[in-house]
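input_23.tsv (TSV, C-alpha atoms)
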chain	number	residue	atom	x	y	z
A	36	MET	CA	20.02	-18.44	-5.22
A	37	GLU	CA	21.94	-21.66	-5.77
A	38	TYR	CA	25.60	-21.77	-6.77
A	39	THR	CA	27.99	-24.07	-8.59
A	40	ALA	CA	31.69	-24.34	-7.82
A	41	LEU	CA	34.02	-23.85	-10.77
A	42	SER	CA	37.14	-25.99	-11.14
A	43	ASN	CA	39.18	-23.43	-9.16
A	44	GLY	CA	36.64	-23.33	-6.32
A	45	VAL	CA	35.06	-19.98	-7.24
A	46	LYS	CA	31.30	-20.07	-6.68
A	47	MET	CA	29.08	-18.94	-9.55
A	48	PRO	CA	25.30	-18.39	-9.40
A	49	VAL	CA	23.52	-21.00	-11.48
A	50	LEU	CA	21.06	-18.41	-12.79
A	51	GLY	CA	22.10	-14.98	-14.01
A	52	TYR	CA	20.89	-12.08	-16.12
A	53	GLY	CA	22.18	-11.66	-19.68
A	54	VAL	CA	22.18	-8.35	-21.56
A	55	TYR	CA	22.68	-9.59	-25.12
A	56	GLN	CA	20.53	-7.47	-27.46
A	57	VAL	CA	19.62	-5.10	-24.63
A	58	SER	CA	20.16	-1.68	-26.16
A	59	PRO	CA	22.43	0.83	-24.45
A	60	ALA	CA	19.41	3.11	-24.08
A	61	GLU	CA	17.55	0.70	-21.79
A	62	CYS	CA	20.40	-1.44	-20.43
A	63	GLU	CA	21.06	0.54	-17.25
A	64	ARG	CA	17.39	0.40	-16.28
A	65	CYS	CA	17.17	-3.31	-17.06
A	66	VAL	CA	20.25	-4.18	-14.99
A	67	ARG	CA	18.95	-2.14	-12.06
A	68	ASP	CA	15.63	-4.00	-12.34
A	69	ALA	CA	17.45	-7.34	-12.46
A	70	LEU	CA	19.46	-6.54	-9.34
A	71	THR	CA	16.28	-5.36	-7.60
A	72	ALA	CA	14.57	-8.63	-8.57
A	73	GLY	CA	17.37	-10.57	-6.91
A	74	TYR	CA	19.85	-11.43	-9.65
A	75	ARG	CA	23.47	-11.46	-8.53
A	76	SER	CA	25.09	-12.63	-11.76
A	77	LEU	CA	25.37	-10.34	-14.79
A	78	ASP	CA	26.60	-11.35	-18.25
A	79	THR	CA	27.75	-8.80	-20.83
A	80	ALA	CA	30.38	-8.62	-23.60
A	81	GLN	CA	32.54	-6.15	-25.45
A	82	SER	CA	30.53	-6.84	-28.61
A	83	TYR	CA	27.22	-5.94	-26.91
A	84	PHE	CA	28.30	-2.28	-26.60
A	85	ASN	CA	26.59	-1.89	-23.22
A	86	GLU	CA	29.40	-2.48	-20.70
A	87	GLU	CA	29.30	1.16	-19.58
A	88	GLN	CA	25.59	0.93	-18.85
A	89	VAL	CA	26.06	-2.29	-16.88
A	90	GLY	CA	28.81	-0.61	-14.87
A	91	ALA	CA	26.65	2.43	-14.17
A	92	ALA	CA	23.72	0.26	-13.07
A	93	MET	CA	25.91	-1.68	-10.65
A	94	ALA	CA	27.46	1.48	-9.24
A	95	ASN	CA	24.04	3.06	-8.63
A	96	SER	CA	22.25	-0.08	-7.44
A	97	GLY	CA	23.34	-0.06	-3.82
A	98	VAL	CA	24.33	-3.74	-4.15
A	99	PRO	CA	27.90	-4.30	-2.93
A	100	ARG	CA	30.29	-5.20	-5.76
A	101	GLN	CA	31.41	-8.37	-3.98
A	102	GLU	CA	27.84	-9.72	-4.10
A	103	ILE	CA	27.75	-9.54	-7.92
A	104	PHE	CA	29.28	-12.17	-10.19
A	105	LEU	CA	30.23	-10.15	-13.27
A	106	THR	CA	31.07	-11.70	-16.65
A	107	THR	CA	32.26	-10.09	-19.86
A	108	LYS	CA	33.73	-11.46	-23.09
A	109	VAL	CA	36.65	-10.53	-25.34
A	110	TRP	CA	35.66	-9.99	-28.96
A	111	VAL	CA	37.61	-11.44	-31.90
A	112	GLU	CA	39.10	-8.14	-33.06
A	113	HIS	CA	40.90	-7.95	-29.70
A	114	TYR	CA	42.54	-11.36	-29.94
A	115	GLY	CA	46.29	-11.79	-29.65
A	116	TYR	CA	48.09	-11.26	-26.35
A	117	GLU	CA	48.56	-7.49	-26.17
A	118	ALA	CA	45.21	-6.55	-27.69
A	119	ALA	CA	43.29	-8.96	-25.47
A	120	ARG	CA	45.01	-7.77	-22.32
A	121	ALA	CA	44.37	-4.11	-23.16
A	122	SER	CA	40.74	-4.84	-24.02
A	123	VAL	CA	40.07	-6.55	-20.70
A	124	LEU	CA	41.53	-3.63	-18.78
A	125	GLU	CA	39.37	-1.29	-20.86
A	126	SER	CA	36.30	-3.43	-20.08
A	127	MET	CA	37.12	-3.11	-16.39
A	128	ARG	CA	37.20	0.68	-16.78
A	129	ARG	CA	33.84	0.68	-18.56
A	130	LEU	CA	32.34	-1.61	-15.93
A	131	ARG	CA	33.74	0.53	-13.08
A	132	THR	CA	35.46	-2.37	-11.36
A	133	ASP	CA	39.01	-3.32	-10.47
A	134	TYR	CA	38.39	-7.03	-11.01
A	135	LEU	CA	36.13	-9.30	-13.05
A	136	ASP	CA	34.60	-12.53	-11.84
A	137	LEU	CA	34.70	-14.24	-15.24
A	138	VAL	CA	36.09	-13.34	-18.65
A	139	LEU	CA	35.41	-15.47	-21.71
A	140	LEU	CA	36.89	-15.57	-25.20
A	141	HIS	CA	33.76	-14.94	-27.23
A	142	GLN	CA	34.49	-16.90	-30.43
A	143	PRO	CA	36.85	-19.74	-31.47
A	144	PHE	CA	38.54	-17.81	-34.30
A	145	SER	CA	41.74	-15.85	-35.01
A	146	ASP	CA	44.57	-15.82	-32.42
A	147	TYR	CA	42.59	-17.20	-29.52
A	148	TYR	CA	45.73	-18.79	-28.11
A	149	GLY	CA	47.40	-15.40	-27.74
A	150	ALA	CA	44.23	-14.01	-26.19
A	151	TRP	CA	44.04	-16.98	-23.82
A	152	ARG	CA	47.58	-16.37	-22.59
A	153	ALA	CA	46.54	-12.82	-21.73
A	154	LEU	CA	43.60	-14.14	-19.70
A	155	GLU	CA	45.89	-16.62	-17.95
A	156	ASP	CA	48.25	-13.84	-16.90
A	157	LEU	CA	45.43	-11.54	-15.75
A	158	TYR	CA	43.98	-14.44	-13.78
A	159	GLN	CA	47.30	-15.14	-12.08
A	160	GLU	CA	47.67	-11.43	-11.31
A	161	GLY	CA	44.35	-11.55	-9.45
A	162	LYS	CA	42.44	-9.26	-11.81
A	163	LEU	CA	40.17	-12.11	-12.97
A	164	ARG	CA	38.61	-14.66	-10.64
A	165	ALA	CA	37.87	-17.16	-13.43
A	166	ILE	CA	38.47	-17.50	-17.16
A	167	GLY	CA	36.73	-19.44	-19.90
A	168	VAL	CA	35.49	-19.55	-23.46
A	169	SER	CA	32.29	-19.22	-25.45
A	170	ASN	CA	31.15	-21.08	-28.55
A	171	PHE	CA	34.05	-23.54	-28.42
A	172	TYR	CA	33.01	-26.85	-29.96
A	173	PRO	CA	34.43	-30.01	-28.35
A	174	ASP	CA	37.45	-30.20	-30.68
A	175	ARG	CA	38.53	-26.62	-29.96
A	176	LEU	CA	37.77	-26.99	-26.26
A	177	VAL	CA	39.84	-30.18	-25.90
A	178	ASP	CA	42.68	-28.55	-27.85
A	179	LEU	CA	42.81	-25.52	-25.56
A	180	ALA	CA	42.27	-27.53	-22.38
A	181	SER	CA	45.09	-29.87	-23.35
A	182	PHE	CA	47.77	-27.38	-24.35
A	183	ALA	CA	47.06	-24.21	-22.36
A	184	ARG	CA	48.68	-23.44	-19.02
A	185	ILE	CA	45.27	-23.11	-17.37
A	186	ARG	CA	42.18	-25.00	-18.52
A	187	PRO	CA	39.01	-23.06	-19.32
A	188	MET	CA	36.65	-23.05	-16.35
A	189	VAL	CA	33.46	-22.23	-18.29
A	190	ASN	CA	32.22	-22.77	-21.85
A	191	GLN	CA	29.18	-20.70	-22.81
A	192	VAL	CA	27.38	-22.29	-25.76
A	193	GLU	CA	23.96	-22.57	-27.35
A	194	ILE	CA	21.89	-25.04	-25.32
A	195	HIS	CA	18.10	-25.43	-25.24
A	196	PRO	CA	15.61	-28.30	-25.56
A	197	TYR	CA	15.84	-28.32	-29.37
A	198	HIS	CA	19.67	-28.31	-29.28
A	199	GLN	CA	20.72	-30.15	-26.14
A	200	GLN	CA	24.46	-30.56	-26.80
A	201	THR	CA	24.66	-33.90	-24.99
A	202	GLU	CA	28.00	-34.87	-26.52
A	203	ALA	CA	29.51	-31.44	-25.86
A	204	LEU	CA	28.38	-31.60	-22.23
A	205	GLY	CA	30.15	-34.92	-21.89
A	206	TRP	CA	33.43	-33.42	-23.08
A	207	MET	CA	33.03	-30.42	-20.76
A	208	LYS	CA	32.51	-32.75	-17.82
A	209	LYS	CA	35.61	-34.76	-18.73
A	210	TYR	CA	37.77	-31.63	-18.67
A	211	GLY	CA	36.16	-29.99	-15.65
A	212	VAL	CA	34.54	-27.19	-17.63
A	213	GLN	CA	31.26	-25.68	-16.40
A	214	PRO	CA	28.65	-25.47	-19.20
A	215	GLU	CA	26.68	-22.26	-19.50
A	216	ALA	CA	23.76	-21.76	-21.89
A	217	TRP	CA	23.32	-18.71	-24.03
A	218	ALA	CA	19.83	-18.54	-25.53
A	219	PRO	CA	18.52	-21.03	-22.91
A	220	PHE	CA	15.08	-20.59	-24.50
A	221	GLY	CA	16.42	-20.78	-28.07
A	222	GLU	CA	14.82	-17.32	-28.41
A	223	GLY	CA	11.57	-19.24	-28.79
A	224	ARG	CA	12.52	-20.39	-32.28
A	225	GLY	CA	10.62	-23.33	-33.71
A	226	GLY	CA	7.76	-22.78	-31.27
A	227	LEU	CA	9.66	-23.64	-28.08
A	228	PHE	CA	7.46	-21.50	-25.84
A	229	THR	CA	4.34	-23.30	-27.05
A	230	ASP	CA	5.78	-26.80	-27.34
A	231	PRO	CA	3.10	-29.16	-25.95
A	232	VAL	CA	5.63	-31.22	-23.96
A	233	LEU	CA	6.96	-28.12	-22.17
A	234	THR	CA	3.59	-26.46	-21.64
A	235	GLY	CA	2.08	-29.76	-20.48
A	236	ILE	CA	4.79	-30.24	-17.85
A	237	GLY	CA	4.39	-26.61	-16.81
A	238	LYS	CA	0.67	-27.06	-16.13
A	239	ARG	CA	1.44	-29.78	-13.58
A	240	TYR	CA	3.49	-27.34	-11.51
A	241	GLY	CA	1.75	-24.06	-12.30
A	242	LYS	CA	4.81	-22.95	-14.28
A	243	SER	CA	5.40	-21.51	-17.73
A	244	ALA	CA	7.25	-23.30	-20.52
A	245	ALA	CA	10.13	-20.87	-19.91
A	246	GLN	CA	10.34	-21.87	-16.25
A	247	VAL	CA	10.28	-25.55	-17.21
A	248	MET	CA	13.17	-24.95	-19.61
A	249	LEU	CA	15.21	-23.18	-16.96
A	250	ARG	CA	14.54	-25.97	-14.47
A	251	TRP	CA	15.60	-28.53	-17.10
A	252	HIS	CA	18.90	-26.70	-17.62
A	253	LEU	CA	19.61	-26.50	-13.91
A	254	GLN	CA	18.94	-30.20	-13.35
A	255	ARG	CA	21.41	-30.97	-16.14
A	256	GLY	CA	24.06	-28.92	-14.35
A	257	VAL	CA	23.97	-26.07	-16.87
A	258	VAL	CA	24.26	-22.42	-15.77
A	259	VAL	CA	21.68	-20.15	-17.44
A	260	ILE	CA	21.57	-16.43	-18.23
A	261	PRO	CA	18.07	-15.61	-19.53
A	262	LYS	CA	17.45	-12.11	-20.85
A	263	SER	CA	14.32	-10.01	-20.50
A	264	THR	CA	13.61	-6.29	-20.49
A	265	HIS	CA	10.53	-6.68	-18.26
A	266	ILE	CA	10.95	-6.96	-14.49
A	267	GLU	CA	7.89	-9.23	-14.21
A	268	ARG	CA	9.54	-11.72	-16.56
A	269	MET	CA	12.84	-11.37	-14.72
A	270	GLN	CA	11.07	-12.30	-11.50
A	271	GLU	CA	9.34	-15.22	-13.20
A	272	ASN	CA	12.68	-16.54	-14.46
A	273	LEU	CA	14.06	-16.51	-10.92
A	274	ASN	CA	11.11	-18.49	-9.61
A	275	VAL	CA	12.40	-21.94	-10.58
A	276	PHE	CA	13.87	-23.27	-7.34
A	277	ASP	CA	10.62	-24.50	-5.79
A	278	PHE	CA	10.00	-27.53	-8.02
A	279	SER	CA	11.91	-30.38	-9.65
A	280	LEU	CA	11.31	-32.33	-12.83
A	281	THR	CA	10.90	-36.08	-12.58
A	282	GLY	CA	13.02	-38.57	-14.49
A	283	GLU	CA	10.08	-39.21	-16.81
A	284	GLU	CA	9.70	-35.48	-17.49
A	285	LEU	CA	13.42	-35.08	-18.14
A	286	ALA	CA	13.24	-37.97	-20.61
A	287	ALA	CA	10.27	-36.38	-22.38
A	288	ILE	CA	12.20	-33.13	-22.82
A	289	GLY	CA	15.26	-35.13	-23.89
A	290	ALA	CA	13.21	-36.56	-26.75
A	291	LEU	CA	12.72	-33.04	-28.16
A	292	ASP	CA	16.37	-32.75	-29.18
A	293	LYS	CA	16.76	-31.91	-32.88
A	294	LYS	CA	20.55	-32.00	-32.53
A	295	GLN	CA	21.10	-28.89	-34.59
A	296	SER	CA	21.57	-25.21	-33.92
A	297	ALA	CA	18.58	-22.89	-34.10
A	298	PHE	CA	20.96	-20.15	-35.25
A	299	PHE	CA	24.17	-21.15	-37.08
A	300	SER	CA	27.20	-23.41	-36.98
A	301	HIS	CA	30.63	-22.07	-36.09
A	302	GLN	CA	32.05	-24.89	-38.19
A	303	ASP	CA	30.37	-23.60	-41.37
A	304	PRO	CA	33.01	-21.85	-43.54
A	305	ASN	CA	30.38	-19.35	-44.70
A	306	MET	CA	29.72	-18.41	-41.09
A	307	VAL	CA	33.44	-18.02	-40.42
A	308	GLU	CA	33.65	-15.65	-43.39
A	309	TRP	CA	30.71	-13.71	-41.94
A	310	PHE	CA	32.62	-13.20	-38.69
A	311	VAL	CA	35.70	-12.10	-40.64
A	312	LYS	CA	33.66	-9.49	-42.54
A	313	MET	CA	32.13	-8.26	-39.28
A	314	VAL	CA	35.57	-7.76	-37.73
A	315	GLU	CA	36.82	-5.98	-40.85
A	316	ALA	CA	33.78	-3.69	-40.93
A	317	ARG	CA	34.17	-2.76	-37.29
A	318	SER	CA	37.88	-2.10	-37.76
A	319	THR	CA	37.00	0.23	-40.63
A	320	ARG	CA	34.45	2.09	-38.49
A	321	ARG	CA	37.05	2.52	-35.75
A	322	GLY	CA	39.49	3.91	-38.28
A	323	THR	CA	36.99	6.54	-39.44
A	324	GLY	CA	35.88	7.35	-35.90
A	325	THR	CA	32.28	6.30	-36.53
A	326	GLU	CA	32.14	3.38	-34.09
A	327	THR	CA	30.58	4.07	-30.70
Turn this file's structure into structure tokens for me.
Amino acid sequence: MEYTALSNGVKMPVLGYGVYQVSPAECERCVRDALTAGYRSLDTAQSYFNEEQVGAAMANSGVPRQEIFLTTKVWVEHYGYEAARASVLESMRRLRTDYLDLVLLHQPFSDYYGAWRALEDLYQEGKLRAIGVSNFYPDRLVDLASFARIRPMVNQVEIHPYHQQTEALGWMKKYGVQPEAWAPFGEGRGGLFTDPVLTGIGKRYGKSAAQVMLRWHLQRGVVVIPKSTHIERMQENLNVFDFSLTGEELAAIGALDKKQSAFFSHQDPNMVEWFVKMVEARSTRRGTGTET
């Protein structure tokens, strides 16, 4: 495994295993498989509802805790100082750990400044080894990096060949923020897995389009967290350190950029309202005791 050094010197694996949309029923098995395959970075979140399963898998894996780089994320309904702090401590309980390697603020809405101050304090208390954000567009990232006590060390955003985020990467570099890609394959939307440029490059190296995409991310300095529920695919995703793309190949992939999200824009007021309704619905479920 290769590593990148965050702005505070903490080393983070450049390739990890993400559990977004991995159901609680199969999450523990999948995380055990990932650790068996060789992954040493795990990415979960409060909003994925599988932190307990990730914690159980780690505890029963036989892999020492200090060998695992563990990330979780604070959800919007837990923003504000006190709520964010309590939620992180609760995540630690669910994950069966007394420290976290990285905690991110999941969305750029509500009182993220209060939540960030909670992460800053937990970081300075030694409970968190690194702190960062997710889905922060350049304007929000520069705002937080400029006025917070501690700058974000990571920003996890949508990046893939059809949405390359070149401008955003430039701003992250300026402020010393490590980019990390969620949906590094764009979930295959728009035919990414069968794109002739990606498959053509893959044939030259005996690699799949997915492996070419991961290699492209890594050569751009982007950390990746691909998700799969099949151990064979997990192993395939790890097998990307034995080849390098040429400048010509990187340029060919660069030309695929559509410069728009394959999912949604956090700057769309309708999408912001959608997040608000989600938070309200979950708060209602908690109040009636129906949320798990």
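Taking CA of Ser279 (chain A) and CA of Lys238 (chain A) as the two end points, the separation is 13.4 Å.
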List every protein, DNA or RNA residue that has an atom no more than 7 Å from (32.4, -20.7, -26.5) in the file's coordinate frame, counting all atoms listed in the file, and report them as a list of chain:residue names.
->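 Neighbouring residues, ordered by chain and number, come to A:Leu140, A:His141, A:Gln142, A:Pro143, A:Val168, A:Ser169, A:Asn170, A:Phe171, A:Asn190, A:Gln191, A:Val192.
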So which residues are close to (36.6, -22.3, -6.6), meaning at most 12 Å away in the file's coordinates with only C-alpha atoms counted, and can you show them as a list in words?
->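 Protein, DNA and RNA residues close to (36.6, -22.3, -6.6): Tyr38, Thr39, Ala40, Leu41, Ser42, Asn43, Gly44, Val45, Lys46, Met47, Asp136, Leu137, Arg164, Ala165, Ile166, Met188, Gly211 and Gln213 of chain A.
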Residues at most 12 Å from region 147-157 of chain A, counting all atoms listed in the file, excluding those fewer than 5 positions away in the same chain, as number ranges by chain?
-> A: 108-124, 127, 133-142, 162-169, 171, 175-176, 178-180, 182-188
Contact residues around Val177 (chain A) with all atoms listed in the file at 9 Å, ignoring same-chain residues under 3 positions, as a VMD selection string = chain A and resid 172 to 174 180 to 182 206 to 207 210
Nearest to Arg255 (chain A) among A:Val49, A:Met36, A:Ala316, A:Leu273, with distances taken over all atoms listed in the file: which residue is it?
-> A:Val49
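For the set A:Leu291, A:Met306, A:Ile266, A:Val57, the residue with the smallest atom-to-atom gap to Gly73 (chain A) is A:Ile266, counting only C-alpha atoms.
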Using all atoms listed in the file, which of A:Asp277, A:Glu267, A:Glu284, A:Glu308 sits nearest Thr71 (chain A)?
->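 When distances to Thr71 (chain A) are compared using all atoms listed in the file, the smallest one comes from A:Glu267.
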Please produce, as a tab-separated table, a per-residue contact table for region 111-195 of chain A versus region 217-234 of chain A (criterion: any atom at most 6 Å away, all atoms listed in the file considered), showing the nearest atom pair and its distance in Å to one decimal, sorted by chain then residue number.
residue	atom	partner	partner_atom	distance
A:Val192	CA	A:Trp217	CA	5.7
A:Glu193	CA	A:Trp217	CA	5.1
A:Ile194	CA	A:Pro219	CA	5.8
A:His195	CA	A:Pro219	CA	5.0
Interatomic distance between CA of Arg250 (chain A) and CA of Val275 (chain A)?
->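 Separating CA of Arg250 (chain A) from CA of Val275 (chain A) is a distance of 6.0 Å.
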Would you mind reading off the distance between CA of Trp309 (chain A) and CA of Ser82 (chain A), one decimal, in Å?
->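 It comes out at 15.0 Å.
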List the neighbours of Gln88 (chain A) out to 7 Å using only C-alpha atoms; skip same-chain residues closer than 4 positions along the sequence, and give me the result as a PyMOL selection string.
-> chain A and resi 59+62-63+92
